[in-house]
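One file, work-v5.txt, is given below (compact mmCIF, C-alpha atoms and all ligand atoms).
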# COMPACT_ATOMS: atom_id res chain seq x y z
CA MET A 1 43.61 199.73 -74.35
CA GLY A 2 40.38 199.97 -72.38
CA VAL A 3 40.14 203.09 -70.21
CA ILE A 4 37.09 202.18 -68.10
CA GLN A 5 35.77 198.75 -67.10
CA THR A 6 32.79 198.18 -64.84
CA GLU A 7 31.60 194.85 -63.51
CA ALA A 8 28.01 194.42 -62.28
CA LEU A 9 28.03 197.95 -60.88
CA THR A 10 24.97 198.66 -58.73
CA LYS A 11 24.07 201.82 -56.82
CA ARG A 12 21.09 202.32 -54.52
CA TYR A 13 20.69 205.65 -52.81
CA GLY A 14 19.37 205.66 -49.26
CA SER A 15 17.80 202.45 -48.00
CA SER A 16 19.12 199.28 -49.55
CA SER A 17 15.60 198.33 -50.66
CA GLY A 18 15.27 201.47 -52.79
CA VAL A 19 15.21 201.55 -56.58
CA ALA A 20 18.67 201.06 -58.09
CA ALA A 21 20.06 204.13 -59.88
CA LEU A 22 22.52 201.69 -61.49
CA ASP A 23 21.60 198.05 -61.77
CA GLY A 24 24.29 195.48 -62.52
CA LEU A 25 26.02 197.63 -65.12
CA THR A 26 28.91 195.99 -66.97
CA ILE A 27 30.59 198.10 -69.64
CA ASP A 28 33.98 198.58 -71.27
CA VAL A 29 35.04 201.98 -72.55
CA ASP A 30 37.96 202.33 -74.97
CA ALA A 31 39.92 205.32 -76.23
CA GLY A 32 38.13 207.74 -78.55
CA VAL A 33 34.83 209.46 -77.84
CA THR A 34 32.21 207.42 -75.98
CA GLY A 35 28.70 208.79 -75.70
CA LEU A 36 26.68 207.83 -72.63
CA VAL A 37 23.03 208.30 -73.52
CA GLY A 38 19.95 208.07 -71.37
CA ALA A 39 16.81 209.91 -70.35
CA ASN A 40 16.68 212.02 -67.16
CA GLY A 41 17.28 209.74 -64.20
CA ALA A 42 18.84 206.95 -66.27
CA GLY A 43 21.92 206.96 -64.02
CA LYS A 44 24.49 208.84 -66.13
CA SER A 45 25.66 211.25 -63.43
CA THR A 46 25.62 208.49 -60.83
CA LEU A 47 27.92 206.39 -63.02
CA ILE A 48 30.36 209.27 -63.53
CA LYS A 49 30.50 210.08 -59.81
CA ILE A 50 31.18 206.43 -59.01
CA LEU A 51 33.91 206.26 -61.66
CA LEU A 52 35.56 209.31 -60.07
CA GLY A 53 35.45 207.67 -56.65
CA LEU A 54 33.15 210.43 -55.36
CA LEU A 55 30.33 207.96 -54.59
CA SER A 56 30.70 204.33 -53.47
CA PRO A 57 28.78 201.68 -55.37
CA THR A 58 26.40 199.47 -53.42
CA SER A 59 27.99 196.46 -55.13
CA GLY A 60 30.14 195.63 -58.12
CA ASP A 61 33.54 196.89 -59.22
CA ALA A 62 35.08 199.32 -61.65
CA ARG A 63 38.52 200.38 -62.84
CA VAL A 64 39.42 203.69 -64.43
CA LEU A 65 42.80 203.90 -66.20
CA GLY A 66 43.67 200.73 -64.33
CA HIS A 67 42.84 202.23 -60.90
CA ASP A 68 40.33 200.66 -58.53
CA ILE A 69 37.45 203.10 -57.85
CA ARG A 70 37.07 201.88 -54.27
CA THR A 71 40.65 202.40 -53.15
CA GLU A 72 42.32 204.70 -55.68
CA GLY A 73 39.84 207.55 -56.07
CA GLU A 74 42.52 210.16 -55.58
CA ALA A 75 44.75 208.74 -58.31
CA ILE A 76 41.73 208.67 -60.61
CA ARG A 77 40.80 212.29 -59.89
CA THR A 78 44.39 213.39 -60.48
CA ALA A 79 44.49 211.76 -63.90
CA VAL A 80 40.95 212.50 -65.06
CA GLY A 81 39.36 215.79 -66.11
CA TYR A 82 35.75 216.19 -64.93
CA MET A 83 33.13 218.62 -66.14
CA PRO A 84 30.20 218.39 -63.73
CA GLU A 85 26.61 218.71 -64.83
CA HIS A 86 25.62 221.56 -62.54
CA ASP A 87 27.01 225.04 -62.20
CA CYS A 88 30.05 224.92 -59.94
CA LEU A 89 31.75 228.20 -60.81
CA PRO A 90 32.48 230.77 -58.10
CA PRO A 91 30.61 233.89 -59.34
CA ASP A 92 33.12 236.35 -57.89
CA MET A 93 36.15 234.84 -59.65
CA ARG A 94 37.54 235.58 -63.08
CA ALA A 95 37.74 232.51 -65.33
CA ILE A 96 41.49 232.89 -65.70
CA ASP A 97 42.06 232.86 -61.92
CA PHE A 98 39.68 229.93 -61.45
CA VAL A 99 41.29 227.79 -64.14
CA VAL A 100 44.81 228.60 -62.88
CA HIS A 101 43.66 227.60 -59.39
CA MET A 102 42.17 224.32 -60.66
CA GLY A 103 45.41 223.61 -62.50
CA GLN A 104 47.41 224.10 -59.32
CA VAL A 105 44.97 221.96 -57.32
CA SER A 106 45.64 219.25 -59.91
CA GLY A 107 49.35 219.50 -59.25
CA LEU A 108 50.69 221.95 -61.84
CA PRO A 109 53.35 224.44 -60.70
CA ALA A 110 52.11 228.08 -60.70
CA ALA A 111 53.84 229.16 -63.92
CA ALA A 112 52.73 226.07 -65.84
CA ALA A 113 49.18 226.47 -64.51
CA ARG A 114 49.05 230.09 -65.77
CA GLU A 115 50.32 229.10 -69.19
CA ARG A 116 48.00 226.10 -69.54
CA ALA A 117 44.99 228.08 -68.26
CA ALA A 118 45.48 230.77 -70.90
CA ASP A 119 45.85 228.06 -73.57
CA VAL A 120 42.77 226.05 -72.65
CA LEU A 121 40.60 229.15 -72.18
CA ARG A 122 41.58 230.33 -75.65
CA HIS A 123 40.97 226.85 -76.96
CA VAL A 124 37.40 226.72 -75.61
CA GLY A 125 36.68 230.16 -77.02
CA LEU A 126 37.01 232.36 -73.93
CA ALA A 127 39.82 234.65 -75.04
CA GLU A 128 38.88 238.17 -73.95
CA GLU A 129 36.15 237.04 -71.60
CA ARG A 130 38.60 235.21 -69.35
CA TYR A 131 39.24 238.42 -67.44
CA ARG A 132 35.56 238.85 -66.53
CA LEU A 133 33.89 237.63 -63.32
CA MET A 134 32.10 234.35 -64.06
CA GLY A 135 28.94 235.47 -62.20
CA GLY A 136 28.19 237.60 -65.26
CA TYR A 137 28.69 234.79 -67.77
CA SER A 138 25.99 233.44 -70.08
CA THR A 139 25.19 229.71 -69.86
CA GLY A 140 27.32 229.08 -72.94
CA MET A 141 30.31 230.86 -71.41
CA LYS A 142 29.87 228.97 -68.11
CA GLN A 143 29.88 225.65 -69.97
CA ARG A 144 33.11 226.68 -71.72
CA ALA A 145 34.74 227.68 -68.44
CA LYS A 146 33.71 224.33 -66.93
CA LEU A 147 35.27 222.55 -69.89
CA ALA A 148 38.49 224.61 -69.59
CA GLN A 149 38.99 223.66 -65.91
CA ALA A 150 38.54 219.98 -66.85
CA LEU A 151 41.30 220.25 -69.46
CA VAL A 152 43.85 222.42 -67.68
CA HIS A 153 46.03 219.65 -66.24
CA ASP A 154 46.27 217.72 -69.52
CA PRO A 155 44.15 214.78 -68.31
CA ALA A 156 44.57 211.19 -69.50
CA LEU A 157 40.77 210.85 -69.72
CA ILE A 158 37.97 213.38 -69.60
CA MET A 159 34.39 212.91 -68.36
CA LEU A 160 31.87 215.51 -69.49
CA ASP A 161 28.44 215.44 -67.86
CA GLU A 162 25.91 217.06 -70.23
CA PRO A 163 28.23 219.70 -71.70
CA THR A 164 25.50 220.92 -74.08
CA ASN A 165 22.92 221.50 -71.37
CA GLY A 166 21.22 224.88 -71.70
CA LEU A 167 22.98 225.82 -74.95
CA ASP A 168 21.28 227.27 -78.01
CA PRO A 169 21.67 225.33 -81.29
CA ALA A 170 24.76 227.25 -82.47
CA ALA A 171 26.52 227.02 -79.10
CA ARG A 172 25.57 223.32 -78.95
CA ASP A 173 27.25 222.68 -82.30
CA ASP A 174 30.37 224.56 -81.16
CA MET A 175 30.55 222.56 -77.93
CA LEU A 176 30.10 219.25 -79.79
CA ALA A 177 32.85 220.22 -82.22
CA LEU A 178 35.14 221.00 -79.28
CA VAL A 179 34.40 217.65 -77.63
CA ARG A 180 35.06 215.85 -80.87
CA ARG A 181 38.38 217.65 -81.28
CA ILE A 182 39.44 216.78 -77.74
CA GLY A 183 38.84 213.11 -78.50
CA HIS A 184 40.14 212.92 -82.04
CA ASP A 185 42.76 215.65 -82.52
CA PHE A 186 44.21 215.67 -79.00
CA GLY A 187 43.74 211.95 -78.52
CA ILE A 188 42.27 212.29 -75.02
CA PRO A 189 39.67 209.57 -74.38
CA VAL A 190 36.29 211.20 -73.69
CA LEU A 191 33.20 209.94 -71.88
CA VAL A 192 30.40 212.41 -72.63
CA THR A 193 26.77 212.24 -71.52
CA SER A 194 23.62 213.61 -73.06
CA HIS A 195 19.93 212.80 -73.08
CA LEU A 196 19.86 213.76 -76.76
CA LEU A 197 20.78 210.80 -78.91
CA GLY A 198 21.09 212.85 -82.06
CA GLU A 199 23.93 214.89 -80.56
CA LEU A 200 26.13 212.00 -79.59
CA GLU A 201 25.71 210.08 -82.82
CA ARG A 202 27.57 212.92 -84.54
CA ILE A 203 30.66 212.89 -82.37
CA SER A 204 30.96 209.48 -80.71
CA ASP A 205 32.93 206.42 -81.82
CA HIS A 206 30.99 204.27 -79.42
CA VAL A 207 27.62 204.72 -77.76
CA VAL A 208 26.42 203.28 -74.45
CA VAL A 209 22.65 203.56 -73.93
CA LEU A 210 21.37 203.47 -70.34
CA ASP A 211 17.76 203.02 -69.32
CA SER A 212 16.80 203.16 -65.63
CA GLY A 213 20.26 202.02 -64.57
CA HIS A 214 20.29 199.13 -67.04
CA LEU A 215 22.50 198.76 -70.08
CA LEU A 216 20.31 198.91 -73.17
CA ARG A 217 23.02 198.87 -75.87
CA SER A 218 26.78 199.31 -76.07
CA GLU A 219 28.01 199.45 -79.63
CA ALA A 220 30.26 201.20 -82.10
CA THR A 221 28.39 204.18 -83.53
CA GLN A 222 28.98 202.76 -87.00
CA SER A 223 26.90 199.69 -86.23
CA PHE A 224 24.01 201.98 -85.31
CA LEU A 225 24.51 204.27 -88.21
CA GLY A 226 26.20 202.25 -90.91
CA ASP A 227 24.87 202.05 -94.40
CA THR A 228 21.92 199.69 -94.09
CA GLY A 229 22.30 198.68 -97.75
CA VAL A 230 18.69 199.71 -98.36
CA VAL A 231 18.17 202.15 -101.23
CA LEU A 232 15.15 204.48 -101.38
CA VAL A 233 13.75 205.61 -104.71
CA GLU A 234 11.16 208.29 -105.46
CA VAL A 235 9.63 208.93 -108.90
CA ILE A 236 7.08 211.34 -110.31
CA GLY A 237 5.05 211.00 -113.49
CA ASP A 238 1.80 209.87 -115.02
CA ALA A 239 -0.28 206.88 -114.04
CA ALA A 240 -0.64 204.08 -116.58
CA PRO A 241 -3.86 204.02 -118.75
CA ASP A 242 -5.25 201.36 -116.39
CA GLY A 243 -4.81 203.76 -113.42
CA THR A 244 -1.61 202.20 -111.96
CA PRO A 245 0.20 205.14 -110.31
CA ALA A 246 3.78 206.09 -111.19
CA GLN A 247 5.28 204.60 -108.05
CA ALA A 248 3.62 201.20 -108.65
CA ARG A 249 4.65 201.23 -112.31
CA MET A 250 8.24 201.82 -111.27
CA GLY A 251 8.07 199.07 -108.62
CA GLU A 252 6.68 196.55 -111.10
CA ALA A 253 9.27 197.42 -113.74
CA LEU A 254 12.12 197.09 -111.23
CA ALA A 255 10.77 193.74 -110.05
CA ALA A 256 10.57 192.58 -113.69
CA ARG A 257 14.28 193.40 -113.97
CA GLY A 258 15.09 191.25 -110.96
CA VAL A 259 15.29 193.95 -108.27
CA SER A 260 13.78 193.01 -104.92
CA CYS A 261 11.72 195.99 -103.77
CA ARG A 262 8.46 197.16 -102.17
CA ALA A 263 6.40 200.30 -101.67
CA ARG A 264 7.07 202.33 -98.56
CA GLY A 265 4.77 205.32 -98.36
CA ALA A 266 5.49 207.41 -101.42
CA LEU A 267 8.90 205.74 -101.82
CA ILE A 268 10.16 202.48 -103.20
CA GLU A 269 12.47 200.58 -100.88
CA ILE A 270 15.06 198.37 -102.56
CA ASP A 271 16.42 195.52 -100.46
CA PRO A 272 20.12 195.40 -99.67
CA ASP A 273 22.34 193.50 -102.11
CA ARG A 274 24.09 190.54 -100.64
CA ARG A 275 27.51 192.10 -100.46
CA ASP A 276 29.00 189.85 -97.80
CA GLY A 277 32.62 189.12 -98.55
CA ILE A 278 32.69 191.41 -101.58
CA PRO A 279 35.64 193.83 -101.51
CA GLU A 280 34.81 197.51 -100.90
CA GLU A 281 35.51 198.61 -104.52
CA GLN A 282 33.28 195.91 -105.95
CA ALA A 283 30.50 196.77 -103.50
CA ALA A 284 30.66 200.35 -104.82
CA ALA A 285 30.44 199.04 -108.39
CA VAL A 286 27.36 196.97 -107.46
CA HIS A 287 25.82 200.10 -105.99
CA ASP A 288 26.58 202.12 -109.15
CA ALA A 289 25.09 199.39 -111.33
CA LEU A 290 21.89 199.52 -109.26
CA ARG A 291 21.71 203.31 -109.65
CA ASP A 292 22.09 202.96 -113.43
CA LEU A 293 19.39 200.32 -113.56
CA VAL A 294 16.99 202.53 -111.56
CA ARG A 295 17.74 205.52 -113.79
CA ASP A 296 17.24 203.50 -117.02
CA THR A 297 14.02 201.93 -115.73
CA ALA A 298 12.56 205.37 -114.88
CA ALA A 299 13.62 206.70 -118.30
CA ASP A 300 12.04 203.74 -120.13
CA LEU A 301 8.74 204.40 -118.33
CA GLY A 302 8.94 208.14 -119.00
CA LEU A 303 9.02 208.86 -115.24
CA GLY A 304 11.06 211.53 -113.48
CA LEU A 305 13.52 210.36 -110.85
CA VAL A 306 13.23 212.53 -107.72
CA ARG A 307 15.81 210.67 -105.68
CA VAL A 308 17.87 207.50 -105.30
CA GLN A 309 19.50 207.45 -101.90
CA PRO A 310 21.05 204.95 -99.51
CA GLN A 311 19.21 204.72 -96.21
CA THR A 312 21.35 205.00 -93.10
CA GLY A 313 20.27 203.98 -89.62
CA ARG A 314 19.87 206.58 -86.88
CA LEU A 315 20.46 206.36 -83.18
CA GLU A 316 16.88 207.49 -82.55
CA ASP A 317 15.78 204.21 -84.12
CA VAL A 318 17.56 202.28 -81.39
CA PHE A 319 15.11 203.44 -78.77
CA ARG A 320 12.16 202.85 -81.08
CA GLU A 321 13.36 199.31 -81.83
CA GLU A 322 13.91 198.56 -78.15
CA ALA A 323 10.51 199.99 -77.23
CA ALA A 324 8.83 197.81 -79.86
CA ARG A 325 10.33 194.62 -78.45
N1 LIG B 401 21.73 211.96 -54.09
C1 LIG B 401 20.70 211.20 -54.46
N2 LIG B 401 19.85 210.69 -53.55
C2 LIG B 401 18.81 209.89 -53.92
N3 LIG B 401 18.54 209.54 -55.20
C3 LIG B 401 19.35 210.02 -56.14
C4 LIG B 401 20.47 210.87 -55.84
N4 LIG B 401 21.09 211.19 -57.00
C5 LIG B 401 20.41 210.55 -57.97
N5 LIG B 401 19.36 209.87 -57.47
C6 LIG B 401 18.41 209.04 -58.25
O1 LIG B 401 19.15 208.11 -59.02
C7 LIG B 401 18.61 207.97 -60.32
C8 LIG B 401 19.67 208.30 -61.35
O2 LIG B 401 20.00 209.67 -61.27
P1 LIG B 401 21.17 210.35 -62.10
O3 LIG B 401 21.28 211.75 -61.63
O4 LIG B 401 22.37 209.50 -62.01
O5 LIG B 401 20.59 210.29 -63.57
P2 LIG B 401 21.03 211.07 -64.87
O6 LIG B 401 20.98 210.06 -65.97
O7 LIG B 401 22.29 211.80 -64.65
O8 LIG B 401 19.82 212.09 -65.07
P3 LIG B 401 19.82 213.59 -65.70
O9 LIG B 401 19.75 213.42 -67.19
O10 LIG B 401 18.55 214.17 -65.16
O11 LIG B 401 21.04 214.30 -65.23
C9 LIG B 401 17.40 208.88 -60.36
O12 LIG B 401 16.27 208.11 -60.11
C10 LIG B 401 17.65 209.86 -59.25
O13 LIG B 401 16.43 210.30 -58.72
MG MG B 402 22.81 213.75 -64.76

Is it possible to express this structure as structure tokens?
Amino acid sequence: MGVIQTEALTKRYGSSSGVAALDGLTIDVDAGVTGLVGANGAGKSTLIKILLGLLSPTSGDARVLGHDIRTEGEAIRTAVGYMPEHDCLPPDMRAIDFVVHMGQVSGLPAAAARERAADVLRHVGLAEERYRLMGGYSTGMKQRAKLAQALVHDPALIMLDEPTNGLDPAARDDMLALVRRIGHDFGIPVLVTSHLLGELERISDHVVVLDSGHLLRSEATQSFLGDTGVVLVEVIGDAAPDGTPAQARMGEALAARGVSCRARGALIEIDPDRRDGIPEEQAAAVHDALRDLVRDTAADLGLGLVRVQPQTGRLEDVFREEAAR
């Protein structure tokens, strides 16, 4: 079931002639982890605030868990967990008291709120630290406390606005692993934003790319990152007596054996096999046969095989492709 649908959502701040922060955005978000990617100012936070009913759109419609954002903001905020982008933690409160309070605000009875708060704080990795005042927290601890308050009432959907902001690489990996677990192990649908594409490709099932309020792409992560079918080969060894270098000798020999390939820098790029309609096991066999052929060809030429590897697409390439259009 879809959890979020937007229809031509547009938001202009201030005068109606101003630049649109969101411009006719139509997207569908399903269960699982959805990454919302865009540069600074792309409109990510604006979209989340509109979906929570905290900001009104200039035009267009949206539904979150079946609720209308214009008229049912309160129902949405009751059901959804929200981790805001900016620091929102009272410095003179202990995390445990803050998260209990947020649980009660979301409708949990006091005893249940205390129990859930202890659970979620432990879950996000603030076990001992939960008794300390949050004013003394590091950025990483603040991000964890923000995540805990978003989870305390067992939300039906969670929206995380730049949860990795300000984190060092290790803390970033921990946070991403947590987000992934929330989506996959706990089965809570997640909408998570970042301006770093590489982060979201690791944890998202689906990626929505925003650019200046416009939808650039909305696709399953697999279709960005799936095996492209292209195989890259690298060889080392002697040039032929006529001066043909090792890489060219290998390319020519592969071509003579019916393999479609070309030079790419120091590598040889082999075109994808036509595997359409071939069952998975047979496709693997085709791939193995190609590997064997490459290995035998290198051996026949007396060349060393440095690598034979499938090339996978990367989310970074999406922006490069779009920019080149
Ligand atoms: N309260 C506001 N008043 C006027 N303009 C705003 C306001 N909030 C956002 N904007 C503008 O709307 C556009 C989108 O901003 P938004 O904060 O939604 O982007 P973002 O993708 O979340 O960016 P970031 O990665 O920096 O958090 C920007 O051009 C921004 O300057
Ligand atoms: Mg933002």

Checklist entry - Taking only C-alpha atoms and all ligand atoms into account, which residues are within 10 Å of ligand MG 402 (chain B), as a ChimeraX atom specification? => result /A:38-49,84-86,161-162,193-195

Checklist entry - What's the 12 Å shell around Val208 (chain A), counting only C-alpha atoms, without same-chain residues fewer than 2 positions away, as a VMD selection string? => result chain A and resid 25 to 30 33 to 38 42 to 44 47 191 to 195 197 200 to 201 204 to 206 210 to 211 213 to 221 224 315 318

Checklist entry - To one decimal place, how far is CA of His67 (chain A) from atom P2 of ligand LIG 401 (chain B) in Å? => result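 Atom P2 of ligand LIG 401 (chain B) lies 23.9 Å from CA of His67 (chain A).
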
Item to check | Exercise: Met250 (chain A) partners within 9 Å, only C-alpha atoms, chain neighbours under 2 positions left out, as a list in words | outcome: Val235, Pro245, Ala246, Gln247, Ala248, Glu252, Ala253, Leu254, Ala255, Ile268, Val294, Thr297, Ala298, Leu301 and Leu303 of chain A

Item to check | Residue contacts of Val105 (chain A) (10 Å, all atoms listed in the file) excluding same-chain residues fewer than 6 positions away, as a VMD selection string | outcome: chain A and resid 78 99 113 153

Item to check | Pick from A:Arg132, A:Arg70, A:Arg144, A:Arg122, whichever lies nearest to Ala171 (chain A) using all atoms listed in the file | outcome: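 Selected residue with least distance to Ala171 (chain A): A:Arg144.
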
Checklist entry - Of the candidates A:Thr164, A:Tyr137, A:Gly32, A:Glu129, which shows the shortest atom-to-atom distance to ligand LIG 401 (chain B), using all atoms listed in the file? => result A:Thr164

Checklist entry - Closest to Gly251 (chain A) among A:Ile76, A:Leu22, A:Ile270, A:Ile188, using only C-alpha atoms? => result A:Ile270

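Minimum atom-to-atom distances from A:Asn165, A:Val120, A:Gln309, A:Ile96 to ligand LIG 401 (chain B) were compared using only C-alpha atoms and all ligand atoms, and the lowest value belongs to A:Asn165.
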
Next on the checklist: Here is a test: counting all atoms listed in the file, which residue of A:Ala150, A:Ile4, A:Leu160, A:Met141 is nearest to ligand LIG 401 (chain B)?
Outcome noted: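 Nearest candidate to ligand LIG 401 (chain B) out of A:Ala150, A:Ile4, A:Leu160, A:Met141: A:Leu160.
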
Take every atom of ligand LIG 401 (chain B) listed in the file, fit an axis-aligned box around them, add 6 Å per side, and give the centre and edge lengths in Å to one decimal as AutoDock Vina command-line options.
--center_x 19.3 --center_y 211.1 --center_z -60.4 --size_x 18.1 --size_y 18.3 --size_z 25.6

Checklist entry - At what distance in Å, to one decimal, does CA of Ala95 (chain A) lie from CA of Asp173 (chain A)? => result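 Separation between CA of Asp173 (chain A) and CA of Ala95 (chain A): 22.2 Å.
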
Checklist entry - Which residue gives the smallest distance to Ala299 (chain A) among A:Leu89, A:Val64, A:Gly237, A:Ala8, with only C-alpha atoms counted? => result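 Counting only C-alpha atoms, the residue closest to Ala299 (chain A) is A:Gly237.
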
Next on the checklist: What's the separation between CA of His123 (chain A) and CA of Leu151 (chain A), in Å to one decimal place?
Outcome noted: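 Distance between the two atoms: 10.0 Å.
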
Checklist entry - If I put a ball of radius 12 Å at (37.9, 237.4, -62.8) in the file's coordinates, which residues poke into it when counting only C-alpha atoms, written as a PyMOL selection string? => result chain A and resi 89-101+128-137+145

Residues near Thr139 (chain A), anyone? I mean within 7 Å using only C-alpha atoms, not counting same-chain ones fewer than 4 positions away, as an mmCIF file with C-alpha atoms, in the coordinates of the input.
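Output contents, as saved in around12.cif:
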data_model
loop_
_atom_site.group_PDB
_atom_site.id
_atom_site.type_symbol
_atom_site.label_atom_id
_atom_site.label_comp_id
_atom_site.auth_asym_id
_atom_site.auth_seq_id
_atom_site.Cartn_x
_atom_site.Cartn_y
_atom_site.Cartn_z
ATOM 1 C CA GLN A 143 29.880 225.650 -69.970
ATOM 2 C CA GLY A 166 21.220 224.880 -71.700
ATOM 3 C CA LEU A 167 22.980 225.820 -74.950
#

Checklist entry - Contacts of region 182-186 of chain A at 9 Å or less, counting all atoms listed in the file, minus same-chain residues fewer than 3 places along, as a PyMOL selection string? => result chain A and resi 31-33+158+177-179+189-190+204
